[in-house]
$ cat coords36.cif   # mmCIF, C-alpha atoms
data_entry
#
loop_
_atom_site.group_PDB
_atom_site.id
_atom_site.type_symbol
_atom_site.label_atom_id
_atom_site.label_comp_id
_atom_site.auth_asym_id
_atom_site.auth_seq_id
_atom_site.Cartn_x
_atom_site.Cartn_y
_atom_site.Cartn_z
ATOM 1 C CA MET A 1 -18.831 11.062 7.702
ATOM 2 C CA THR A 2 -16.332 11.287 10.557
ATOM 3 C CA ARG A 3 -14.347 8.114 11.160
ATOM 4 C CA GLN A 4 -15.389 6.354 14.364
ATOM 5 C CA TYR A 5 -12.561 4.649 16.297
ATOM 6 C CA GLU A 6 -12.857 1.608 18.511
ATOM 7 C CA ALA A 7 -11.859 2.287 22.090
ATOM 8 C CA THR A 8 -8.322 1.013 22.660
ATOM 9 C CA PRO A 9 -5.722 2.014 25.270
ATOM 10 C CA PRO A 10 -3.577 4.893 23.980
ATOM 11 C CA ARG A 11 -0.120 3.769 22.922
ATOM 12 C CA LYS A 12 3.154 5.516 22.275
ATOM 13 C CA VAL A 13 3.841 4.881 18.595
ATOM 14 C CA ALA A 14 6.059 6.107 15.781
ATOM 15 C CA PHE A 15 5.333 6.427 12.076
ATOM 16 C CA LEU A 16 8.097 6.496 9.471
ATOM 17 C CA GLY A 17 7.187 7.797 6.013
ATOM 18 C CA LEU A 18 4.451 10.390 5.499
ATOM 19 C CA GLY A 19 3.646 10.029 1.812
ATOM 20 C CA VAL A 20 0.291 9.616 0.101
ATOM 21 C CA MET A 21 -0.483 6.589 2.283
ATOM 22 C CA GLY A 22 1.590 7.103 5.415
ATOM 23 C CA GLY A 23 0.500 10.654 6.155
ATOM 24 C CA PRO A 24 -3.210 9.834 6.469
ATOM 25 C CA MET A 25 -2.507 6.554 8.269
ATOM 26 C CA ALA A 26 -0.446 8.344 10.904
ATOM 27 C CA GLY A 27 -3.201 10.965 11.134
ATOM 28 C CA HIS A 28 -5.751 8.308 12.055
ATOM 29 C CA LEU A 29 -3.454 7.009 14.802
ATOM 30 C CA ALA A 30 -3.306 10.501 16.282
ATOM 31 C CA ALA A 31 -7.062 10.997 15.931
ATOM 32 C CA ALA A 32 -7.662 7.672 17.693
ATOM 33 C CA GLY A 33 -5.792 9.019 20.728
ATOM 34 C CA HIS A 34 -2.338 7.501 20.313
ATOM 35 C CA GLN A 35 0.824 9.485 21.050
ATOM 36 C CA VAL A 36 2.508 9.700 17.639
ATOM 37 C CA THR A 37 6.086 10.638 16.779
ATOM 38 C CA VAL A 38 6.835 10.918 13.074
ATOM 39 C CA TYR A 39 9.844 10.820 10.786
ATOM 40 C CA ASN A 40 9.974 11.684 7.101
ATOM 41 C CA ARG A 41 12.955 11.945 4.781
ATOM 42 C CA THR A 42 11.772 15.468 3.890
ATOM 43 C CA ALA A 43 11.694 17.154 7.284
ATOM 44 C CA ALA A 44 9.292 19.895 6.168
ATOM 45 C CA LYS A 45 6.619 17.293 5.466
ATOM 46 C CA ALA A 46 7.016 15.847 8.961
ATOM 47 C CA GLN A 47 6.691 19.312 10.489
ATOM 48 C CA ALA A 48 3.593 20.032 8.408
ATOM 49 C CA TRP A 49 2.070 16.768 9.683
ATOM 50 C CA VAL A 50 2.788 17.795 13.295
ATOM 51 C CA ASP A 51 1.291 21.231 12.698
ATOM 52 C CA LYS A 52 -1.918 19.521 11.583
ATOM 53 C CA HIS A 53 -2.128 16.514 13.921
ATOM 54 C CA GLY A 54 0.057 17.244 16.944
ATOM 55 C CA GLY A 55 2.714 14.895 18.275
ATOM 56 C CA LYS A 56 6.324 15.530 17.371
ATOM 57 C CA ALA A 57 8.777 15.067 14.517
ATOM 58 C CA THR A 58 12.336 13.786 14.752
ATOM 59 C CA ALA A 59 15.408 14.030 12.558
ATOM 60 C CA THR A 60 16.086 10.266 12.364
ATOM 61 C CA PRO A 61 14.101 7.000 12.424
ATOM 62 C CA ARG A 62 16.075 6.008 15.520
ATOM 63 C CA ALA A 63 14.936 9.081 17.426
ATOM 64 C CA ALA A 64 11.317 8.500 16.371
ATOM 65 C CA ALA A 65 11.446 4.887 17.545
ATOM 66 C CA GLU A 66 12.911 5.601 20.978
ATOM 67 C CA GLY A 67 10.322 4.743 23.618
ATOM 68 C CA ALA A 68 7.698 3.632 21.071
ATOM 69 C CA GLU A 69 5.775 0.437 21.767
ATOM 70 C CA ILE A 70 4.947 0.069 18.065
ATOM 71 C CA VAL A 71 6.808 1.576 15.118
ATOM 72 C CA PHE A 72 4.853 1.760 11.857
ATOM 73 C CA ALA A 73 6.485 2.422 8.483
ATOM 74 C CA CYS A 74 5.244 3.031 4.956
ATOM 75 C CA VAL A 75 8.056 3.854 2.540
ATOM 76 C CA GLY A 76 8.848 3.171 -1.118
ATOM 77 C CA ASN A 77 10.709 -0.103 -1.614
ATOM 78 C CA ASP A 78 13.160 -2.602 -0.112
ATOM 79 C CA ALA A 79 16.072 -0.143 -0.109
ATOM 80 C CA ASP A 80 13.990 2.604 1.500
ATOM 81 C CA LEU A 81 12.808 0.152 4.133
ATOM 82 C CA ARG A 82 16.323 -0.962 5.029
ATOM 83 C CA SER A 83 17.393 2.692 5.234
ATOM 84 C CA VAL A 84 14.840 3.485 7.954
ATOM 85 C CA VAL A 85 15.273 0.199 9.846
ATOM 86 C CA THR A 86 18.991 -0.621 9.915
ATOM 87 C CA GLY A 87 22.184 1.253 10.740
ATOM 88 C CA ASP A 88 23.093 3.621 13.564
ATOM 89 C CA ASP A 89 20.203 5.977 12.723
ATOM 90 C CA GLY A 90 17.704 3.218 11.922
ATOM 91 C CA ALA A 91 14.616 2.409 13.947
ATOM 92 C CA PHE A 92 15.933 -0.889 15.304
ATOM 93 C CA ALA A 93 18.792 0.993 17.007
ATOM 94 C CA GLY A 94 16.274 3.046 18.985
ATOM 95 C CA MET A 95 13.648 0.447 19.822
ATOM 96 C CA ALA A 96 13.437 -1.123 23.281
ATOM 97 C CA ARG A 97 13.352 -4.915 23.665
ATOM 98 C CA GLY A 98 9.868 -6.263 23.034
ATOM 99 C CA ALA A 99 8.829 -3.356 20.784
ATOM 100 C CA ILE A 100 7.072 -4.136 17.493
ATOM 101 C CA PHE A 101 7.966 -2.881 14.022
ATOM 102 C CA VAL A 102 5.030 -2.975 11.572
ATOM 103 C CA ASP A 103 5.948 -2.482 7.917
ATOM 104 C CA HIS A 104 3.186 -1.277 5.578
ATOM 105 C CA THR A 105 5.521 -0.875 2.600
ATOM 106 C CA THR A 106 4.792 -3.044 -0.421
ATOM 107 C CA ALA A 107 8.156 -4.778 -0.505
ATOM 108 C CA SER A 108 9.621 -8.210 -1.187
ATOM 109 C CA ALA A 109 8.939 -11.251 0.952
ATOM 110 C CA ASP A 110 12.718 -11.648 1.170
ATOM 111 C CA VAL A 111 13.266 -8.299 2.900
ATOM 112 C CA ALA A 112 10.409 -9.062 5.291
ATOM 113 C CA ARG A 113 12.041 -12.345 6.313
ATOM 114 C CA GLU A 114 15.454 -10.687 6.545
ATOM 115 C CA LEU A 115 14.232 -7.940 8.890
ATOM 116 C CA HIS A 116 12.093 -10.360 10.896
ATOM 117 C CA ALA A 117 15.233 -12.425 11.568
ATOM 118 C CA LEU A 118 17.292 -9.329 12.390
ATOM 119 C CA ALA A 119 14.610 -8.102 14.783
ATOM 120 C CA LYS A 120 14.718 -11.396 16.681
ATOM 121 C CA THR A 121 18.464 -11.069 17.267
ATOM 122 C CA ARG A 122 17.757 -7.732 18.968
ATOM 123 C CA GLY A 123 14.786 -8.889 21.049
ATOM 124 C CA LEU A 124 12.362 -7.045 18.761
ATOM 125 C CA HIS A 125 9.364 -8.091 16.686
ATOM 126 C CA PHE A 126 8.709 -7.466 12.973
ATOM 127 C CA VAL A 127 5.374 -7.812 11.162
ATOM 128 C CA ASP A 128 5.114 -7.362 7.388
ATOM 129 C CA ALA A 129 1.761 -5.686 6.781
ATOM 130 C CA PRO A 130 1.239 -4.283 3.269
ATOM 131 C CA VAL A 131 -2.071 -2.581 2.614
ATOM 132 C CA SER A 132 -4.724 -2.409 -0.086
ATOM 133 C CA GLY A 133 -7.303 0.301 -0.624
ATOM 134 C CA GLY A 134 -5.254 3.085 -2.175
ATOM 135 C CA GLU A 135 -5.160 6.727 -1.203
ATOM 136 C CA ALA A 136 -8.918 6.834 -0.566
ATOM 137 C CA GLY A 137 -8.629 3.889 1.811
ATOM 138 C CA ALA A 138 -5.834 5.614 3.710
ATOM 139 C CA VAL A 139 -7.668 8.940 3.921
ATOM 140 C CA ASN A 140 -10.917 7.299 5.056
ATOM 141 C CA GLY A 141 -9.218 4.846 7.427
ATOM 142 C CA LEU A 142 -10.581 1.829 5.561
ATOM 143 C CA LEU A 143 -7.489 -0.067 4.437
ATOM 144 C CA THR A 144 -7.177 -3.834 4.209
ATOM 145 C CA VAL A 145 -3.975 -5.002 5.929
ATOM 146 C CA MET A 146 -2.347 -8.345 5.033
ATOM 147 C CA CYS A 147 0.108 -9.533 7.667
ATOM 148 C CA GLY A 148 2.916 -12.027 8.074
ATOM 149 C CA GLY A 149 4.790 -12.752 11.279
ATOM 150 C CA ASP A 150 4.322 -14.098 14.779
ATOM 151 C CA ALA A 151 0.907 -14.259 16.459
ATOM 152 C CA GLY A 152 1.829 -12.440 19.682
ATOM 153 C CA PRO A 153 3.113 -9.216 18.087
ATOM 154 C CA PHE A 154 0.273 -9.334 15.557
ATOM 155 C CA ASP A 155 -2.336 -9.538 18.314
ATOM 156 C CA ALA A 156 -0.703 -6.582 20.062
ATOM 157 C CA MET A 157 -0.559 -4.337 16.996
ATOM 158 C CA LYS A 158 -3.953 -5.159 15.469
ATOM 159 C CA PRO A 159 -6.159 -2.991 17.735
ATOM 160 C CA VAL A 160 -3.867 -0.023 17.106
ATOM 161 C CA ALA A 161 -3.721 -0.558 13.330
ATOM 162 C CA MET A 162 -7.526 -0.718 13.212
ATOM 163 C CA ALA A 163 -7.436 3.080 13.520
ATOM 164 C CA PHE A 164 -6.736 3.215 9.773
ATOM 165 C CA ALA A 165 -8.110 -0.154 8.646
ATOM 166 C CA LYS A 166 -11.323 -2.061 8.115
ATOM 167 C CA ALA A 167 -9.544 -5.434 8.296
ATOM 168 C CA VAL A 168 -6.169 -6.540 9.710
ATOM 169 C CA THR A 169 -5.482 -10.230 9.132
ATOM 170 C CA LEU A 170 -2.579 -12.556 9.922
ATOM 171 C CA LEU A 171 -2.023 -14.841 6.935
ATOM 172 C CA GLY A 172 1.039 -16.815 7.981
ATOM 173 C CA GLU A 173 4.671 -16.571 8.954
ATOM 174 C CA SER A 174 7.036 -13.765 8.025
ATOM 175 C CA GLY A 175 6.663 -12.803 4.350
ATOM 176 C CA ALA A 176 3.070 -14.028 4.041
ATOM 177 C CA GLY A 177 1.718 -10.474 4.084
ATOM 178 C CA GLN A 178 3.939 -9.436 1.190
ATOM 179 C CA LEU A 179 3.052 -12.568 -0.783
ATOM 180 C CA ALA A 180 -0.662 -11.874 -0.226
ATOM 181 C CA LYS A 181 -0.175 -8.324 -1.523
ATOM 182 C CA MET A 182 1.382 -9.823 -4.656
ATOM 183 C CA VAL A 183 -1.746 -11.954 -5.111
ATOM 184 C CA ASN A 184 -3.783 -8.762 -4.725
ATOM 185 C CA GLN A 185 -1.800 -6.945 -7.421
ATOM 186 C CA ILE A 186 -2.072 -9.883 -9.849
ATOM 187 C CA CYS A 187 -5.850 -9.727 -9.468
ATOM 188 C CA ILE A 188 -5.951 -5.961 -9.995
ATOM 189 C CA ALA A 189 -3.762 -6.098 -13.107
ATOM 190 C CA GLY A 190 -6.091 -8.574 -14.781
ATOM 191 C CA VAL A 191 -9.287 -6.799 -13.782
ATOM 192 C CA VAL A 192 -8.078 -3.386 -14.989
ATOM 193 C CA GLN A 193 -6.973 -4.794 -18.353
ATOM 194 C CA GLY A 194 -10.283 -6.604 -18.797
ATOM 195 C CA LEU A 195 -12.240 -3.469 -17.867
ATOM 196 C CA SER A 196 -10.136 -1.383 -20.272
ATOM 197 C CA GLU A 197 -10.792 -3.746 -23.164
ATOM 198 C CA ALA A 198 -14.511 -3.911 -22.345
ATOM 199 C CA ILE A 199 -14.938 -0.132 -22.228
ATOM 200 C CA ALA A 200 -12.900 0.432 -25.404
ATOM 201 C CA PHE A 201 -14.954 -2.264 -27.165
ATOM 202 C CA GLY A 202 -18.221 -0.683 -26.037
ATOM 203 C CA GLN A 203 -17.130 2.778 -27.133
ATOM 204 C CA ARG A 204 -16.200 1.514 -30.611
ATOM 205 C CA ALA A 205 -19.578 -0.226 -30.789
ATOM 206 C CA GLY A 206 -21.282 3.110 -30.123
ATOM 207 C CA LEU A 207 -22.759 2.188 -26.743
ATOM 208 C CA ASP A 208 -23.607 4.604 -23.922
ATOM 209 C CA MET A 209 -20.864 3.240 -21.683
ATOM 210 C CA PRO A 210 -21.864 4.943 -18.396
ATOM 211 C CA ALA A 211 -25.292 3.341 -18.821
ATOM 212 C CA VAL A 212 -23.765 -0.014 -19.740
ATOM 213 C CA LEU A 213 -21.496 0.104 -16.672
ATOM 214 C CA ASP A 214 -24.497 0.880 -14.466
ATOM 215 C CA VAL A 215 -26.270 -2.213 -15.782
ATOM 216 C CA ILE A 216 -23.414 -4.726 -15.794
ATOM 217 C CA GLY A 217 -22.171 -3.371 -12.448
ATOM 218 C CA LYS A 218 -25.266 -4.973 -10.930
ATOM 219 C CA GLY A 219 -24.279 -8.401 -12.260
ATOM 220 C CA ALA A 220 -21.382 -10.831 -12.363
ATOM 221 C CA ALA A 221 -18.997 -8.333 -14.010
ATOM 222 C CA GLN A 222 -19.051 -6.045 -10.967
ATOM 223 C CA SER A 223 -15.710 -5.168 -9.362
ATOM 224 C CA TRP A 224 -14.139 -2.449 -7.229
ATOM 225 C CA GLN A 225 -12.346 -1.189 -10.331
ATOM 226 C CA MET A 226 -15.605 -0.941 -12.261
ATOM 227 C CA ASP A 227 -17.379 0.840 -9.402
ATOM 228 C CA ASN A 228 -14.568 3.305 -8.719
ATOM 229 C CA ARG A 229 -12.763 3.730 -12.060
ATOM 230 C CA GLY A 230 -15.143 2.660 -14.836
ATOM 231 C CA LYS A 231 -16.823 6.014 -15.478
ATOM 232 C CA THR A 232 -13.610 7.981 -15.031
ATOM 233 C CA MET A 233 -11.996 5.732 -17.638
ATOM 234 C CA VAL A 234 -14.840 6.613 -20.012
ATOM 235 C CA GLN A 235 -14.117 10.290 -19.242
ATOM 236 C CA ASP A 236 -10.364 9.807 -19.886
ATOM 237 C CA LYS A 237 -9.488 10.946 -16.338
ATOM 238 C CA PHE A 238 -6.509 9.366 -14.602
ATOM 239 C CA ASP A 239 -5.472 11.741 -11.788
ATOM 240 C CA PHE A 240 -6.055 9.357 -8.895
ATOM 241 C CA GLY A 241 -3.905 7.922 -6.152
ATOM 242 C CA PHE A 242 -2.217 4.715 -7.319
ATOM 243 C CA ALA A 243 0.301 5.575 -10.016
ATOM 244 C CA VAL A 244 1.556 3.411 -12.876
ATOM 245 C CA ASP A 245 5.119 3.724 -11.523
ATOM 246 C CA TRP A 246 4.023 2.131 -8.258
ATOM 247 C CA MET A 247 2.141 -0.650 -10.005
ATOM 248 C CA ARG A 248 5.191 -1.494 -12.109
ATOM 249 C CA LYS A 249 7.288 -1.671 -8.949
ATOM 250 C CA ASP A 250 4.747 -4.045 -7.418
ATOM 251 C CA LEU A 251 4.474 -6.210 -10.534
ATOM 252 C CA GLY A 252 8.261 -6.392 -10.648
ATOM 253 C CA LEU A 253 8.156 -7.947 -7.174
ATOM 254 C CA VAL A 254 5.459 -10.342 -8.354
ATOM 255 C CA LEU A 255 7.450 -11.471 -11.397
ATOM 256 C CA GLU A 256 10.634 -11.894 -9.340
ATOM 257 C CA GLU A 257 8.776 -14.101 -6.869
ATOM 258 C CA ALA A 258 7.187 -16.090 -9.701
ATOM 259 C CA ALA A 259 10.636 -16.730 -11.171
ATOM 260 C CA ARG A 260 11.537 -18.364 -7.838
ATOM 261 C CA ASN A 261 8.363 -20.349 -7.194
ATOM 262 C CA GLY A 262 7.608 -21.377 -10.783
ATOM 263 C CA ALA A 263 4.156 -19.764 -11.015
ATOM 264 C CA ARG A 264 2.945 -19.154 -14.565
ATOM 265 C CA LEU A 265 1.872 -15.522 -14.890
ATOM 266 C CA ASP A 266 1.180 -14.988 -18.598
ATOM 267 C CA MET A 267 -1.472 -12.304 -18.097
ATOM 268 C CA THR A 268 0.507 -10.458 -15.431
ATOM 269 C CA ARG A 269 3.599 -10.342 -17.613
ATOM 270 C CA LEU A 270 1.507 -9.029 -20.518
ATOM 271 C CA VAL A 271 -0.127 -6.289 -18.439
ATOM 272 C CA ASP A 272 3.232 -5.282 -16.966
ATOM 273 C CA GLY A 273 4.383 -4.737 -20.554
ATOM 274 C CA PHE A 274 1.308 -2.592 -21.226
ATOM 275 C CA TYR A 275 2.147 -0.449 -18.190
ATOM 276 C CA ASP A 276 5.637 -0.050 -19.633
ATOM 277 C CA GLU A 277 3.970 1.377 -22.756
ATOM 278 C CA VAL A 278 1.884 3.745 -20.604
ATOM 279 C CA GLN A 279 5.074 5.024 -18.965
ATOM 280 C CA ALA A 280 6.530 5.641 -22.436
ATOM 281 C CA LEU A 281 3.462 7.767 -23.238
ATOM 282 C CA GLY A 282 4.317 9.983 -20.263
ATOM 283 C CA GLY A 283 1.884 8.258 -17.921
ATOM 284 C CA ALA A 284 4.221 7.328 -15.078
ATOM 285 C CA ARG A 285 2.008 9.207 -12.596
ATOM 286 C CA TRP A 286 -1.335 8.432 -14.194
ATOM 287 C CA ASP A 287 -3.666 6.149 -12.286
ATOM 288 C CA THR A 288 -3.416 2.443 -13.122
ATOM 289 C CA SER A 289 -6.759 2.575 -14.963
ATOM 290 C CA SER A 290 -4.902 4.484 -17.714
ATOM 291 C CA LEU A 291 -4.322 1.136 -19.476
ATOM 292 C CA ILE A 292 -7.330 2.093 -21.598
ATOM 293 C CA ARG A 293 -5.314 4.854 -23.262
ATOM 294 C CA LEU A 294 -3.326 2.212 -25.139
ATOM 295 C CA LEU A 295 -6.579 0.983 -26.685
ATOM 296 C CA ASN A 296 -7.782 4.455 -27.646
ATOM 297 C CA LYS A 297 -4.570 5.851 -29.165
#

$ encode --input "coords36.cif" --output "structure tokens"
Amino acid sequence: MTRQYEATPPRKVAFLGLGVMGGPMAGHLAAAGHQVTVYNRTAAKAQAWVDKHGGKATATPRAAAEGAEIVFACVGNDADLRSVVTGDDGAFAGMARGAIFVDHTTASADVARELHALAKTRGLHFVDAPVSGGEAGAVNGLLTVMCGGDAGPFDAMKPVAMAFAKAVTLLGESGAGQLAKMVNQICIAGVVQGLSEAIAFGQRAGLDMPAVLDVIGKGAAQSWQMDNRGKTMVQDKFDFGFAVDWMRKDLGLVLEEAARNGARLDMTRLVDGFYDEVQALGGARWDTSSLIRLLNK
């Protein structure tokens, strides 16, 4: 099914970071009729995106941001984010007063607050807006976007971001989006571990697990992970979008924040340790549902 886009005035936008998530997200902006300029650390990837979607590529984040009303970014971590935002070649140096920077990176709440404050000193706006939905959500334009920041810039960016999202929600002041993404990852960690243990238990009991999953998926045990990963876990297939390396990065942010706010995260800490074991098995790029491999060794 072709993605249908809500009618919204075309905007001049930039997108920084064209990885597994950013590339499709930027593609939806172009398909929705926005004028998109892209930057990627690997220039060949940016050129390949332009060859497919149109628009133009630039050699620096600053050049991409020049003249853009909204600058979107989706990069790896706090350091990557600072590298495309700050400095002489960073996006902030090229953005006009009143322009909005929307960060879809899963990063720390601290860096979101830091860049929000820096943006204000320059007459700019910054919205932290991490996403959930994985590679499939990005490709299909059905991401969930959790935002922190000021209401005015949020209201201005939301109709544009809806090109690649099914929901874009402001959850509080700067940093609230990143904190909400941490809540999301805590939930996922627990669900995937529970699903792994359940499937491994059922297999050892000699049950037809695809049939069992079909039945219990219609009841209270149902989850996105069960619907989308349950049967592939039974098949020992883990070549999907959200890698163990990325989950460990995210859980590291969660545990750092918990150390500050005093939250007790016994299960999360345990599952983070299990993902460490998966990495040691060579599973750094396996999908996060690969936790079950520890139970079937």

$ residues_near_point --input "coords36.cif" --point "(17.3, -2.5, 7.8)" --cutoff "10 Å" --atoms "all atoms listed in the file" --output "list in words"
Asp78, Ala79, Asp80, Leu81, Arg82, Ser83, Val84, Val85, Thr86, Gly87, Gly90, Ala91, Phe92, Ala93, Val111, Ala112, Glu114, Leu115, His116, Leu118 and Ala119 of chain A

$ atom_distance --input "coords36.cif" --atom1 "atom CA of A:Cys187" --atom2 "atom CA of A:Pro210"
23.5 Å

$ residues_near_point --input "coords36.cif" --point "(-0.5, 1.9, 0.0)" --cutoff "8 Å" --atoms "all atoms listed in the file" --output "ChimeraX atom specification"
/A:20-22,74,104-106,130-135,138

$ write_last_selection --input "coords36.cif" --atoms "C-alpha atoms" --output "CSV table (one decimal), in the frame of the given file"
chain,number,residue,atom,x,y,z
A,20,VAL,CA,0.3,9.6,0.1
A,21,MET,CA,-0.5,6.6,2.3
A,22,GLY,CA,1.6,7.1,5.4
A,74,CYS,CA,5.2,3.0,5.0
A,104,HIS,CA,3.2,-1.3,5.6
A,105,THR,CA,5.5,-0.9,2.6
A,106,THR,CA,4.8,-3.0,-0.4
A,130,PRO,CA,1.2,-4.3,3.3
A,131,VAL,CA,-2.1,-2.6,2.6
A,132,SER,CA,-4.7,-2.4,-0.1
A,133,GLY,CA,-7.3,0.3,-0.6
A,134,GLY,CA,-5.3,3.1,-2.2
A,135,GLU,CA,-5.2,6.7,-1.2
A,138,ALA,CA,-5.8,5.6,3.7

$ atom_distance --input "coords36.cif" --atom1 "atom CA of A:Gly230" --atom2 "atom CA of A:Asp250"
22.3 Å

$ atom_distance --input "coords36.cif" --atom1 "atom CA of A:Leu124" --atom2 "atom CA of A:Ile100"
6.2 Å

$ closest_residue --input "coords36.cif" --among "A:Ala43, A:Ala48, A:Val102, A:Met233" --to "A:Val168" --atoms "all atoms listed in the file"
A:Val102

$ closest_residue --input "coords36.cif" --among "A:Val127, A:Ala31, A:Val38, A:Ala136" --to "A:Asp155" --atoms "all atoms listed in the file"
A:Val127

$ resolve_selection --input "coords36.cif" --expression "the PyMOL selection byres ((chain A and resi 18) around 9)" --output "JSON, numbers by chain"
{"A": [15, 16, 17, 19, 20, 21, 22, 23, 24, 25, 26, 38, 39, 40, 41, 45, 46, 49, 73, 74, 75]}

$ write_last_selection --input "coords36.cif" --atoms "C-alpha atoms" --output "mmCIF file, in the frame of the given file"
data_model
loop_
_atom_site.group_PDB
_atom_site.id
_atom_site.type_symbol
_atom_site.label_atom_id
_atom_site.label_comp_id
_atom_site.auth_asym_id
_atom_site.auth_seq_id
_atom_site.Cartn_x
_atom_site.Cartn_y
_atom_site.Cartn_z
ATOM 1 C CA PHE A 15 5.333 6.427 12.076
ATOM 2 C CA LEU A 16 8.097 6.496 9.471
ATOM 3 C CA GLY A 17 7.187 7.797 6.013
ATOM 4 C CA GLY A 19 3.646 10.029 1.812
ATOM 5 C CA VAL A 20 0.291 9.616 0.101
ATOM 6 C CA MET A 21 -0.483 6.589 2.283
ATOM 7 C CA GLY A 22 1.590 7.103 5.415
ATOM 8 C CA GLY A 23 0.500 10.654 6.155
ATOM 9 C CA PRO A 24 -3.210 9.834 6.469
ATOM 10 C CA MET A 25 -2.507 6.554 8.269
ATOM 11 C CA ALA A 26 -0.446 8.344 10.904
ATOM 12 C CA VAL A 38 6.835 10.918 13.074
ATOM 13 C CA TYR A 39 9.844 10.820 10.786
ATOM 14 C CA ASN A 40 9.974 11.684 7.101
ATOM 15 C CA ARG A 41 12.955 11.945 4.781
ATOM 16 C CA LYS A 45 6.619 17.293 5.466
ATOM 17 C CA ALA A 46 7.016 15.847 8.961
ATOM 18 C CA TRP A 49 2.070 16.768 9.683
ATOM 19 C CA ALA A 73 6.485 2.422 8.483
ATOM 20 C CA CYS A 74 5.244 3.031 4.956
ATOM 21 C CA VAL A 75 8.056 3.854 2.540
#

$ decode --input "coords36.cif" --residues "stretch 228-240 of chain A" --atoms "N, CA, C and O atoms" --output "compact mmCIF listing (two decimals), in the first residue's frame"
# COMPACT_ATOMS: atom_id res chain seq x y z
N ASN A 228 5.28 -9.58 15.95
CA ASN A 228 6.26 -9.32 14.90
C ASN A 228 7.53 -10.14 15.01
O ASN A 228 8.27 -10.25 14.03
N ARG A 229 7.82 -10.70 16.18
CA ARG A 229 9.08 -11.43 16.37
C ARG A 229 8.90 -12.84 16.91
O ARG A 229 9.84 -13.63 16.87
N GLY A 230 7.73 -13.17 17.43
CA GLY A 230 7.53 -14.47 18.05
C GLY A 230 7.88 -15.64 17.14
O GLY A 230 8.71 -16.50 17.49
N LYS A 231 7.29 -15.69 15.96
CA LYS A 231 7.51 -16.83 15.07
C LYS A 231 8.93 -16.83 14.49
O LYS A 231 9.49 -17.90 14.24
N THR A 232 9.50 -15.66 14.29
CA THR A 232 10.89 -15.64 13.80
C THR A 232 11.85 -16.08 14.89
O THR A 232 12.91 -16.67 14.59
N MET A 233 11.51 -15.85 16.15
CA MET A 233 12.32 -16.37 17.25
C MET A 233 12.27 -17.90 17.26
O MET A 233 13.29 -18.57 17.45
N VAL A 234 11.09 -18.46 17.03
CA VAL A 234 10.95 -19.91 16.95
C VAL A 234 11.82 -20.46 15.82
O VAL A 234 12.42 -21.53 15.92
N GLN A 235 11.90 -19.70 14.72
CA GLN A 235 12.68 -20.12 13.54
C GLN A 235 14.16 -19.80 13.66
O GLN A 235 14.94 -20.12 12.76
N ASP A 236 14.58 -19.18 14.78
CA ASP A 236 15.98 -18.81 15.01
C ASP A 236 16.48 -17.83 13.94
O ASP A 236 17.59 -17.92 13.45
N LYS A 237 15.64 -16.84 13.61
CA LYS A 237 15.99 -15.82 12.62
C LYS A 237 16.08 -14.46 13.32
O LYS A 237 15.14 -14.05 14.01
N PHE A 238 17.19 -13.79 13.11
CA PHE A 238 17.43 -12.53 13.84
C PHE A 238 18.05 -11.45 12.95
O PHE A 238 18.83 -10.62 13.42
N ASP A 239 17.68 -11.42 11.67
CA ASP A 239 18.28 -10.47 10.73
C ASP A 239 17.32 -9.30 10.46
O ASP A 239 17.00 -8.99 9.32
N PHE A 240 16.89 -8.67 11.55
CA PHE A 240 15.94 -7.56 11.41
C PHE A 240 16.62 -6.23 11.75
O PHE A 240 17.83 -6.17 11.91
